[in-house]
$ cat protein04.cif   # mmCIF, C-alpha atoms
data_structure
#
loop_
_atom_site.label_atom_id
_atom_site.label_comp_id
_atom_site.auth_asym_id
_atom_site.auth_seq_id
_atom_site.Cartn_x
_atom_site.Cartn_y
_atom_site.Cartn_z
CA MET A 1 -24.94 -30.95 2.78
CA LYS A 2 -21.72 -32.59 1.65
CA LEU A 3 -19.06 -32.10 4.29
CA SER A 4 -15.40 -31.48 3.46
CA LYS A 5 -12.46 -33.15 5.10
CA LYS A 6 -10.90 -31.87 8.32
CA PRO A 7 -7.79 -29.64 8.16
CA GLN A 8 -4.63 -31.67 7.60
CA LYS A 9 -1.23 -31.41 9.23
CA THR A 10 1.84 -31.99 7.10
CA SER A 11 5.38 -32.89 8.07
CA THR A 12 8.43 -31.54 6.28
CA PRO A 13 12.05 -30.92 7.32
CA TYR A 14 12.68 -28.06 9.73
CA LEU A 15 15.48 -25.59 10.32
CA LEU A 16 16.48 -24.00 13.65
CA SER A 17 18.33 -20.70 13.83
CA GLY A 18 19.08 -18.95 17.14
CA VAL A 19 17.43 -18.95 20.55
CA ILE A 20 14.79 -16.40 19.62
CA ALA A 21 13.91 -17.37 16.09
CA CYS A 22 11.41 -16.47 13.43
CA LEU A 23 9.55 -18.77 11.09
CA ILE A 24 10.43 -18.13 7.46
CA SER A 25 8.36 -17.56 4.38
CA THR A 26 5.15 -19.47 3.73
CA THR A 27 5.21 -22.02 0.94
CA ILE A 28 2.50 -21.18 -1.58
CA THR A 29 1.37 -23.79 -4.08
CA SER A 30 -0.56 -23.44 -7.31
CA GLU A 31 -3.66 -24.56 -5.39
CA ALA A 32 -3.37 -21.97 -2.62
CA LYS A 33 -6.23 -21.96 -0.18
CA ARG A 34 -7.46 -19.33 2.23
CA ILE A 35 -7.66 -19.37 5.99
CA GLY A 36 -10.92 -21.08 6.85
CA ASP A 37 -11.18 -23.12 3.64
CA PRO A 38 -11.67 -26.89 3.61
CA ASN A 39 -8.55 -29.05 3.55
CA VAL A 40 -6.03 -26.38 4.57
CA THR A 41 -2.77 -27.81 5.83
CA PHE A 42 -0.64 -26.86 8.81
CA SER A 43 3.05 -27.27 9.52
CA ASN A 44 3.47 -30.29 11.75
CA ASN A 45 7.08 -29.19 12.25
CA ALA A 46 6.15 -25.78 13.61
CA ILE A 47 3.60 -27.30 15.97
CA SER A 48 5.84 -30.08 17.29
CA GLN A 49 8.92 -27.90 17.67
CA ASN A 50 6.91 -25.38 19.72
CA SER A 51 4.94 -27.94 21.71
CA ARG A 52 6.84 -27.38 24.96
CA GLU A 53 6.63 -23.57 25.02
CA TYR A 54 3.34 -23.13 23.14
CA PRO A 55 1.23 -26.29 23.46
CA MET A 56 -1.88 -24.28 22.66
CA MET A 57 -0.83 -24.21 18.99
CA GLU A 58 -2.39 -27.68 18.76
CA GLN A 59 -5.71 -26.06 19.68
CA TRP A 60 -5.29 -22.98 17.49
CA VAL A 61 -4.91 -24.99 14.29
CA THR A 62 -8.30 -26.63 15.00
CA ALA A 63 -10.08 -23.28 15.44
CA GLY A 64 -13.08 -22.62 13.24
CA ARG A 65 -15.48 -24.86 11.39
CA ARG A 66 -13.69 -28.19 11.31
CA THR A 67 -14.69 -28.99 7.74
CA GLY A 68 -13.98 -25.45 6.54
CA ILE A 69 -16.36 -22.97 4.96
CA PRO A 70 -17.99 -24.60 1.92
CA SER A 71 -17.42 -22.99 -1.44
CA ASN A 72 -20.27 -21.11 -3.10
CA SER A 73 -20.62 -23.94 -5.59
CA ASP A 74 -20.98 -26.47 -2.76
CA ILE A 75 -23.56 -24.24 -1.07
CA ASP A 76 -25.51 -23.86 -4.32
CA SER A 77 -25.35 -27.56 -5.10
CA ASN A 78 -27.37 -28.25 -1.97
CA GLU A 79 -30.10 -25.73 -2.87
CA LYS A 80 -33.60 -26.85 -1.90
CA PHE A 81 -35.50 -23.57 -2.23
CA ASN A 82 -35.00 -20.38 -4.21
CA LEU A 83 -36.82 -17.17 -3.29
CA THR A 84 -37.29 -13.85 -5.06
CA PRO A 85 -38.00 -10.58 -3.22
CA ALA A 86 -41.66 -10.89 -4.21
CA GLN A 87 -41.75 -14.12 -2.20
CA ASN A 88 -40.06 -12.65 0.87
CA SER A 89 -42.90 -13.59 3.26
CA GLN A 90 -42.27 -17.26 2.51
CA ILE A 91 -38.87 -17.28 4.16
CA PHE A 92 -40.20 -18.55 7.51
CA ASP A 93 -42.03 -21.46 5.90
CA ARG A 94 -39.02 -22.41 3.78
CA VAL A 95 -36.68 -22.40 6.79
CA ASN A 96 -39.09 -24.69 8.65
CA ASP A 97 -39.31 -26.92 5.58
CA LEU A 98 -35.53 -27.24 5.59
CA ARG A 99 -35.67 -28.19 9.24
CA ASN A 100 -38.06 -31.01 8.42
CA MET A 101 -35.88 -32.03 5.48
CA ARG A 102 -32.82 -32.10 7.75
CA GLY A 103 -31.08 -29.29 5.97
CA GLY A 104 -30.23 -27.70 2.68
CA THR A 105 -29.66 -24.27 1.15
CA LEU A 106 -32.24 -21.50 0.97
CA ARG A 107 -31.14 -19.29 -1.91
CA LEU A 108 -32.13 -15.60 -2.03
CA ARG A 109 -32.03 -13.76 -5.34
CA ARG A 110 -30.91 -10.17 -5.57
CA GLY A 111 -33.26 -7.56 -4.05
CA GLN A 112 -34.86 -6.50 -0.75
CA TYR A 113 -36.44 -8.98 1.66
CA GLY A 114 -38.63 -7.77 4.50
CA THR A 115 -39.26 -5.66 6.33
CA TYR A 116 -39.24 -8.44 8.96
CA ARG A 117 -40.56 -7.88 12.46
CA GLN A 118 -39.27 -11.07 14.05
CA ARG A 119 -36.14 -13.16 13.95
CA ILE A 120 -35.33 -15.76 11.30
CA ARG A 121 -33.82 -18.92 12.79
CA ALA A 122 -31.75 -21.48 10.89
CA TYR A 123 -31.56 -25.08 12.08
CA ASN A 124 -29.09 -27.95 11.66
CA ASN A 125 -27.41 -28.27 8.26
CA THR A 126 -29.21 -25.20 6.91
CA VAL A 127 -27.54 -22.40 4.95
CA ILE A 128 -29.20 -19.12 4.01
CA SER A 129 -27.27 -17.68 1.08
CA GLY A 130 -27.80 -14.80 -1.31
CA ILE A 131 -25.87 -12.39 -3.50
CA LYS A 132 -23.55 -9.82 -1.95
CA GLY A 133 -22.67 -6.95 -4.25
CA SER A 134 -20.80 -3.71 -3.71
CA SER A 135 -23.88 -2.07 -2.20
CA ALA A 136 -27.17 -3.07 -0.63
CA SER A 137 -29.05 -2.29 -3.86
CA ARG A 138 -26.87 -4.78 -5.73
CA SER A 139 -27.27 -7.51 -3.14
CA SER A 140 -29.74 -9.76 -1.44
CA GLN A 141 -30.71 -7.49 1.46
CA LEU A 142 -32.65 -8.65 4.51
CA ILE A 143 -34.26 -5.74 6.38
CA PHE A 144 -35.51 -5.93 9.98
CA ASN A 145 -37.13 -3.37 12.26
CA HIS A 146 -38.69 -5.26 15.17
CA ARG A 147 -38.27 -3.93 18.69
CA ALA A 148 -37.12 -5.45 21.96
CA GLU A 149 -36.42 -4.19 25.46
CA LYS A 150 -33.12 -5.07 27.15
CA ASP A 151 -34.66 -7.68 29.47
CA SER A 152 -36.24 -9.46 26.48
CA SER A 153 -33.67 -8.85 23.76
CA SER A 154 -34.05 -10.25 20.26
CA VAL A 155 -32.00 -10.93 17.14
CA CYS A 156 -32.41 -10.71 13.37
CA LEU A 157 -30.79 -13.96 12.22
CA SER A 158 -29.85 -16.79 14.54
CA THR A 159 -29.02 -20.40 15.15
CA PHE A 160 -29.28 -22.01 18.57
CA ASN A 161 -27.41 -25.19 19.49
CA ALA A 162 -27.23 -25.94 15.78
CA THR A 163 -24.51 -27.72 13.82
CA ASN A 164 -23.29 -27.24 10.26
CA SER A 165 -25.41 -24.19 9.49
CA GLY A 166 -24.41 -20.91 7.96
CA PHE A 167 -25.20 -17.44 6.63
CA ALA A 168 -23.50 -16.32 3.44
CA ASN A 169 -23.42 -13.62 0.78
CA PHE A 170 -26.01 -11.00 1.74
CA TRP A 171 -26.60 -7.66 3.47
CA LEU A 172 -28.45 -7.53 6.77
CA THR A 173 -29.83 -4.12 7.71
CA TYR A 174 -31.60 -3.13 10.92
CA ARG A 175 -33.75 -0.02 10.54
CA ALA A 176 -35.13 1.67 13.62
CA ARG A 177 -38.46 3.37 13.17
CA LYS A 178 -39.26 7.00 13.99
CA GLY A 179 -36.04 8.32 12.50
CA ALA A 180 -33.54 6.99 15.02
CA LYS A 181 -30.01 7.06 13.63
CA PRO A 182 -26.91 5.41 15.09
CA GLU A 183 -24.25 7.78 16.37
CA PRO A 184 -20.90 6.29 15.30
CA PHE A 185 -18.82 7.53 18.25
CA ALA A 186 -21.34 7.89 21.07
CA MET A 187 -19.93 5.11 23.24
CA SER A 188 -22.37 5.78 26.08
CA SER A 189 -25.33 5.93 23.75
CA HIS A 190 -28.57 4.17 24.63
CA SER A 191 -30.25 5.49 21.50
CA GLN A 192 -33.60 3.93 22.27
CA THR A 193 -34.43 1.49 25.04
CA ASN A 194 -36.42 -0.78 22.71
CA LEU A 195 -33.68 -1.34 20.13
CA TYR A 196 -32.06 -4.31 21.84
CA VAL A 197 -31.97 -6.39 18.66
CA SER A 198 -28.71 -8.09 17.68
CA GLY A 199 -27.66 -8.74 14.08
CA ILE A 200 -26.47 -12.36 13.74
CA SER A 201 -26.25 -14.74 16.68
CA ILE A 202 -24.69 -18.20 16.66
CA GLY A 203 -26.10 -19.13 20.03
CA GLY A 204 -26.09 -21.98 22.49
CA SER A 205 -23.23 -23.64 24.34
CA ASN A 206 -23.76 -26.83 22.31
CA SER A 207 -23.58 -25.17 18.89
CA ARG A 208 -20.81 -26.51 16.66
CA ASP A 209 -19.32 -25.95 13.21
CA ASN A 210 -21.42 -23.05 11.91
CA PHE A 211 -20.23 -20.13 9.80
CA ILE A 212 -20.84 -16.55 8.70
CA GLN A 213 -19.25 -15.80 5.33
CA ASN A 214 -19.17 -12.69 3.16
CA CYS A 215 -22.02 -10.82 4.84
CA TYR A 216 -22.56 -7.12 5.58
CA VAL A 217 -24.14 -6.39 8.97
CA GLN A 218 -25.38 -2.81 8.91
CA ASN A 219 -26.61 -0.86 11.95
CA ALA A 220 -27.61 -3.55 14.41
CA GLY A 221 -29.86 -2.51 17.25
CA THR A 222 -27.25 -3.63 19.77
CA ASN A 223 -24.67 -6.44 19.35
CA PRO A 224 -23.97 -6.95 15.64
CA VAL A 225 -22.41 -10.44 15.98
CA VAL A 226 -22.59 -12.87 18.91
CA ILE A 227 -20.67 -16.17 18.87
CA SER A 228 -21.24 -18.92 21.46
CA GLY A 229 -20.36 -22.61 21.35
CA LYS A 230 -17.33 -23.96 19.52
CA HIS A 231 -15.67 -24.31 16.13
CA HIS A 232 -17.42 -21.57 14.20
CA THR A 233 -15.84 -19.42 11.47
CA VAL A 234 -16.63 -15.77 10.69
CA ARG A 235 -14.85 -14.64 7.53
CA ASP A 236 -14.97 -11.84 4.94
CA THR A 237 -17.80 -10.10 6.79
CA THR A 238 -18.25 -6.35 7.26
CA VAL A 239 -19.77 -5.04 10.49
CA LYS A 240 -20.62 -1.36 10.52
CA GLY A 241 -22.72 0.44 13.09
CA THR A 242 -24.97 -0.21 16.04
CA TYR A 243 -27.58 1.97 17.68
CA ASN A 244 -26.95 1.08 21.32
CA LYS A 245 -23.34 1.38 22.48
CA GLY A 246 -23.76 2.01 26.18
CA GLY A 247 -22.16 0.15 29.08
CA GLY A 248 -23.49 -3.24 30.03
CA ALA A 249 -22.76 -5.41 26.98
CA GLU A 250 -24.13 -3.22 24.21
CA GLY A 251 -22.73 -2.87 20.73
CA TYR A 252 -20.36 -5.85 20.94
CA PHE A 253 -18.86 -8.13 18.36
CA ALA A 254 -18.86 -10.73 21.12
CA ILE A 255 -16.89 -13.97 21.16
CA TYR A 256 -18.24 -15.93 24.11
CA GLY A 257 -17.31 -19.41 22.84
CA GLY A 258 -14.09 -21.31 22.18
CA ASN A 259 -12.04 -22.65 19.26
CA ASN A 260 -13.56 -20.12 16.88
CA LEU A 261 -11.84 -18.57 13.86
CA ILE A 262 -12.43 -14.88 13.11
CA ALA A 263 -10.57 -14.04 9.89
CA ALA A 264 -10.43 -11.30 7.26
CA ASN A 265 -13.36 -9.26 8.58
CA SER A 266 -13.88 -5.49 8.75
CA VAL A 267 -15.40 -3.91 11.88
CA GLU A 268 -16.19 -0.32 12.88
CA HIS A 269 -18.65 1.98 14.70
CA ILE A 270 -19.46 -0.46 17.51
CA ARG A 271 -18.49 -0.39 21.19
CA HIS A 272 -16.06 -3.33 21.54
CA PHE A 273 -14.70 -6.29 19.63
CA THR A 274 -14.48 -8.53 22.66
CA LEU A 275 -13.40 -11.94 23.89
CA GLN A 276 -14.96 -12.61 27.28
CA ASN A 277 -16.36 -15.20 29.69
CA THR A 278 -14.50 -18.34 30.77
CA THR A 279 -15.70 -20.27 27.72
CA SER A 280 -13.86 -17.84 25.41
CA THR A 281 -10.62 -19.77 24.92
CA HIS A 282 -8.43 -21.04 22.07
CA ASN A 283 -9.98 -18.58 19.63
CA VAL A 284 -7.95 -17.32 16.66
CA VAL A 285 -8.49 -13.71 15.56
CA ILE A 286 -6.35 -13.20 12.47
CA ARG A 287 -5.96 -10.76 9.56
CA ASN A 288 -8.94 -8.58 10.47
CA THR A 289 -9.19 -4.83 9.82
CA LEU A 290 -10.77 -2.91 12.67
CA ARG A 291 -11.44 0.76 13.36
CA GLN A 292 -12.11 -0.49 16.89
CA ASP A 293 -10.41 -1.84 19.94
CA ILE A 294 -9.74 -5.53 20.53
CA SER A 295 -10.77 -6.16 24.11
CA PHE A 296 -10.13 -8.92 26.64
CA HIS A 297 -13.07 -7.46 28.45
CA THR A 298 -13.70 -9.72 31.43
CA ASP A 299 -12.86 -13.22 32.63
CA ASP A 300 -11.93 -14.81 29.28
CA GLY A 301 -10.71 -18.40 29.36
CA GLY A 302 -7.19 -17.55 28.16
CA GLU A 303 -4.96 -18.99 25.44
CA ASN A 304 -6.55 -16.90 22.69
CA LEU A 305 -4.45 -15.81 19.71
CA ILE A 306 -4.63 -12.30 18.24
CA GLU A 307 -2.33 -12.19 15.21
CA ARG A 308 -1.72 -9.99 12.15
CA ASN A 309 -4.69 -7.70 12.66
CA THR A 310 -4.86 -3.96 12.10
CA ALA A 311 -6.72 -1.95 14.74
CA ARG A 312 -6.80 1.76 13.89
CA LEU A 313 -8.99 4.01 15.99
CA HIS A 314 -11.07 6.78 14.46
CA ASP A 315 -10.19 10.38 15.36
CA ASN A 316 -13.50 10.90 17.13
CA MET A 317 -13.45 7.86 19.38
CA PRO A 318 -13.35 8.67 23.11
CA ASP A 319 -9.89 9.27 24.53
CA ARG A 320 -9.85 6.28 26.87
CA TRP A 321 -10.28 3.82 23.98
CA ARG A 322 -7.08 2.01 22.95
CA PRO A 323 -6.45 -0.48 20.12
CA MET A 324 -5.93 -3.19 22.77
CA LEU A 325 -8.00 -3.12 25.93
CA THR A 326 -8.19 -5.27 29.01
CA VAL A 327 -10.27 -4.92 32.16
CA TRP A 328 -11.33 -1.32 32.85
CA SER A 329 -14.07 -1.62 35.44
CA ARG A 330 -14.16 -2.86 39.04
CA GLN A 331 -17.10 -5.10 38.18
CA HIS A 332 -15.03 -6.99 35.60
CA LYS A 333 -12.82 -9.99 36.33
CA ASP A 334 -9.18 -10.54 35.43
CA VAL A 335 -7.92 -11.36 31.96
CA GLY A 336 -7.36 -15.05 31.22
CA ALA A 337 -3.89 -16.58 31.24
CA ARG A 338 -1.61 -16.93 28.23
CA ASN A 339 -3.41 -14.84 25.66
CA TYR A 340 -1.00 -14.03 22.83
CA VAL A 341 -0.97 -10.88 20.70
CA TYR A 342 1.53 -11.11 17.85
CA HIS A 343 2.50 -9.15 14.74
CA ASN A 344 -0.43 -6.74 14.86
CA THR A 345 -0.48 -3.11 13.80
CA PHE A 346 -2.16 -0.77 16.29
CA MET A 347 -2.78 2.91 15.60
CA GLU A 348 -4.35 5.58 17.77
CA ASN A 349 -5.31 9.01 16.57
CA ASN A 350 -7.95 9.86 19.14
CA GLY A 351 -7.46 12.34 21.96
CA GLU A 352 -4.10 13.46 23.30
CA ASN A 353 -2.46 10.08 22.81
CA ALA A 354 -2.25 10.42 19.03
CA PHE A 355 0.36 8.24 17.39
CA TYR A 356 0.83 5.81 14.57
CA GLY A 357 2.57 2.55 15.39
CA GLU A 358 4.48 0.45 12.92
CA ALA A 359 5.52 -3.13 13.33
CA THR A 360 8.84 -2.48 15.08
CA ASN A 361 7.87 0.39 17.37
CA ILE A 362 7.42 0.29 21.12
CA ARG A 363 5.20 2.98 22.55
CA SER A 364 5.03 3.92 26.22
CA GLY A 365 2.53 6.24 27.80
CA GLN A 366 0.30 6.82 30.78
CA THR A 367 -3.25 5.63 31.19
CA SER A 368 -5.59 5.56 34.15
CA CYS A 369 -6.50 2.17 35.53
CA THR A 370 -10.11 2.13 36.67
CA ALA A 371 -9.79 -1.29 38.25
CA SER A 372 -7.17 -0.30 40.84
CA ASN A 373 -7.79 3.46 40.78
CA GLU A 374 -4.20 4.38 40.01
CA THR A 375 -2.13 5.46 37.03
CA THR A 376 0.08 2.81 35.47
CA GLN A 377 2.42 2.48 32.55
CA LEU A 378 1.09 1.29 29.23
CA ARG A 379 3.36 -0.37 26.70
CA TRP A 380 2.56 -1.56 23.21
CA PHE A 381 4.94 -4.20 21.86
CA PHE A 382 4.04 -4.11 18.19
CA ASN A 383 6.40 -6.81 16.99
CA ASN A 384 6.68 -9.01 20.09
CA VAL A 385 4.55 -11.62 21.71
CA TYR A 386 2.86 -9.96 24.64
CA GLN A 387 0.44 -10.91 27.33
CA PRO A 388 -1.69 -8.98 29.81
CA VAL A 389 -0.21 -9.27 33.29
CA ASP A 390 -2.59 -7.19 35.37
CA ARG A 391 -5.95 -5.44 35.32
CA CYS A 392 -4.56 -2.11 34.14
CA HIS A 393 -3.97 -2.44 30.39
CA LYS A 394 -0.35 -3.38 31.12
CA PHE A 395 1.43 -5.95 28.96
CA ARG A 396 4.82 -7.62 29.06
CA SER A 397 6.93 -9.04 26.27
CA ASN A 398 7.30 -12.80 26.16
CA ASP A 399 10.29 -14.72 24.79
CA PRO A 400 11.05 -16.83 22.90
CA ARG A 401 9.06 -16.39 19.75
CA PRO A 402 7.94 -19.45 17.77
CA ILE A 403 10.74 -21.75 16.72
CA GLN A 404 11.62 -21.58 13.05
CA ALA A 405 10.53 -24.21 10.55
CA ASN A 406 11.11 -24.10 6.83
CA ASP A 407 7.51 -24.88 5.85
CA ALA A 408 5.69 -22.07 7.64
CA SER A 409 5.96 -18.32 8.14
CA ASP A 410 6.65 -16.32 11.30
CA THR A 411 3.41 -17.18 13.03
CA PHE A 412 1.65 -19.00 15.83
CA TYR A 413 -0.94 -20.21 13.29
CA PRO A 414 1.32 -22.19 10.93
CA ILE A 415 -1.04 -22.66 8.03
CA ILE A 416 0.63 -23.49 4.71
CA THR A 417 -0.72 -23.47 1.15
CA ALA A 418 -2.93 -20.54 2.14
CA ASN A 419 -3.13 -16.80 1.54
#
$ encode --input "protein04.cif" --output "structure tokens"
Amino acid sequence: MKLSKKPQKTSTPYLLSGVIACLISTTITSEAKRIGDPNVTFSNNAISQNSREYPMMEQWVTAGRRTGIPSNSDIDSNEKFNLTPAQNSQIFDRVNDLRNMRGGTLRLRRGQYGTYRQRIRAYNNTVISGIKGSSASRSSQLIFNHRAEKDSSSVCLSTFNATNSGFANFWLTYRARKGAKPEPFAMSSHSQTNLYVSGISIGGSNSRDNFIQNCYVQNAGTNPVVISGKHHTVRDTTVKGTYNKGGGAEGYFAIYGGNNLIAANSVEHIRHFTLQNTTSTHNVVIRNTLRQDISFHTDDGGENLIERNTARLHDNMPDRWRPMLTVWSRQHKDVGARNYVYHNTFMENNGENAFYGEATNIRSGQTSCTASNETTQLRWFFNNVYQPVDRCHKFRSNDPRPIQANDASDTFYPIITAN
């Protein structure tokens, strides 16, 4: 597959204004690119002027697939095999052929593929791509219904320690047999003990530069998306539903790796969108729409950026869910240092804590802290930088904000020529 160039930094004059300053409007060119595209550029001014206070910005601008997500035309130009639904049983042979050929695109035409009763694994330099329409019936839809117990869990689509592979433009649906249906708000639900089948997994600590683009992950058995390794991008993907949402790492959109870019996705009806484990560091979660919490669940590596997301909880979610969560169990470890949450919109309308927060509001309230078994104050700083400072969902504001530069907007992710 033809690889694109790495993201570029650009240097232009800067402008300072005040001790606590904002970055001003983004410059948009006639060739505007999107976050996660090849050859996006970043403000060298914004990075250098903030290097003392926020040195992790150097890491954040490298988050995601380092050559960007290839365009659909680039994906199609590397096509080696093309399947129709009538040929759906050939998918395993074609993936193995691509492995032997050292990569290429497997193209799926519109229609249903499956029902598959085992995982499909992509290898180095392999992309599985289809057609994603407004519904499953108008798309390339891969259907799975295999079973797995918790101690021998499985997955529908995966890579493991792969590089430069991807999944793009299709629906993935997990269908449990015997009429099991996912309950959208049953957060302690172990619907069936043999439904421990994740949706898409980019696995392995040595995996690098893979992507998930424009997919719909519908009703996973347990974790809908699992990201390990480094420099992966998940963009424009919808995640909706999971059967198992009980305690003990079920129903997670799980970011276990580092330097990953999670952008412009939609997520709901799972247990947690979570960053956790010491390897989860320097991730950028930006411009996502969630009907879920964002959770620093346990022992993350710190220096993650959560910026310009909307997290709006459903009415029927349990009362102890919040748009932002930290540690809530004695068995969990402390939140990592210097995580930044900036310019997000958080809204609760579940339980007695109903409110709607706008960008400039500060909300205070009471919440119980399971970790220390006492009640503590909870503050949401909607328009400030804030960091977790203890195990009890408590945050503090952090000043100053990013220093102003005239080639980037008010952001810790100073991408320019992008929308």
$ atom_distance --input "protein04.cif" --atom1 "atom CA of A:Phe296" --atom2 "atom CA of A:Thr41"
29.1 Å
$ closest_residue --input "protein04.cif" --among "A:Val234, A:Ala122, A:Ala311, A:Ile91" --to "A:Thr159" --atoms "only C-alpha atoms"
A:Ala122
$ resolve_selection --input "protein04.cif" --expression "the PyMOL selection byres ((chain A and resi 130) around 8)" --output "list in words"
Arg107, Leu108, Arg109, Arg110, Ile128, Ser129, Ile131, Lys132, Ser139, Ser140, Ala168, Asn169 and Phe170 of chain A
$ resolve_selection --input "protein04.cif" --expression "the PyMOL selection byres ((chain A and resi 113) around 6)" --output "number ranges by chain"
A: 85, 88, 112, 114, 141-142
$ closest_atom_pairs --input "protein04.cif" --of "stretch 148-215 of chain A" --to "stretch 267-289 of chain A" --cutoff "9 Å" --atoms "only C-alpha atoms" --output "tab-separated table"
residue	atom	partner	partner_atom	distance
A:Pro182	CA	A:His269	CA	9.0
A:Glu183	CA	A:His269	CA	8.2
A:Pro184	CA	A:His269	CA	4.9
A:Phe185	CA	A:His269	CA	6.6
A:Ala186	CA	A:Arg271	CA	8.8
A:Met187	CA	A:Arg271	CA	6.0
A:Ser188	CA	A:Arg271	CA	8.8
A:Ser205	CA	A:Thr279	CA	8.9
$ atom_distance --input "protein04.cif" --atom1 "atom CA of A:Thr115" --atom2 "atom CA of A:Arg175"
8.9 Å
$ atom_distance --input "protein04.cif" --atom1 "atom CA of A:Tyr174" --atom2 "atom CA of A:Ser207"
24.8 Å
$ closest_residue --input "protein04.cif" --among "A:Thr62, A:Gln87, A:Asn82, A:Asn124" --to "A:Asn100" --atoms "all atoms listed in the file"
A:Asn124
$ closest_residue --input "protein04.cif" --among "A:Leu313, A:Ala180, A:Val95, A:Ile227" --to "A:Gly257" --atoms "only C-alpha atoms"
A:Ile227
$ closest_residue --input "protein04.cif" --among "A:Ser201, A:Thr126, A:Asn219, A:Ser295" --to "A:Leu157" --atoms "all atoms listed in the file"
A:Ser201
$ resolve_selection --input "protein04.cif" --expression "the PyMOL selection byres ((chain A and resi 145-155) around 8)" --output "list in words"
Thr115, Tyr116, Arg117, Gln118, Arg119, Ile143, Phe144, Cys156, Leu157, Ser158, Tyr174, Arg175, Ala176, Arg177, Thr193, Asn194, Leu195, Tyr196, Val197, Ser198, Gly199, Ile200 and Ser201 of chain A
$ closest_residue --input "protein04.cif" --among "A:Leu305, A:Met101, A:Leu106, A:Val239" --to "A:Tyr413" --atoms "only C-alpha atoms"
A:Leu305
$ closest_residue --input "protein04.cif" --among "A:Ala136, A:Leu83, A:Leu98, A:Leu172" --to "A:Gly221" --atoms "all atoms listed in the file"
A:Leu172
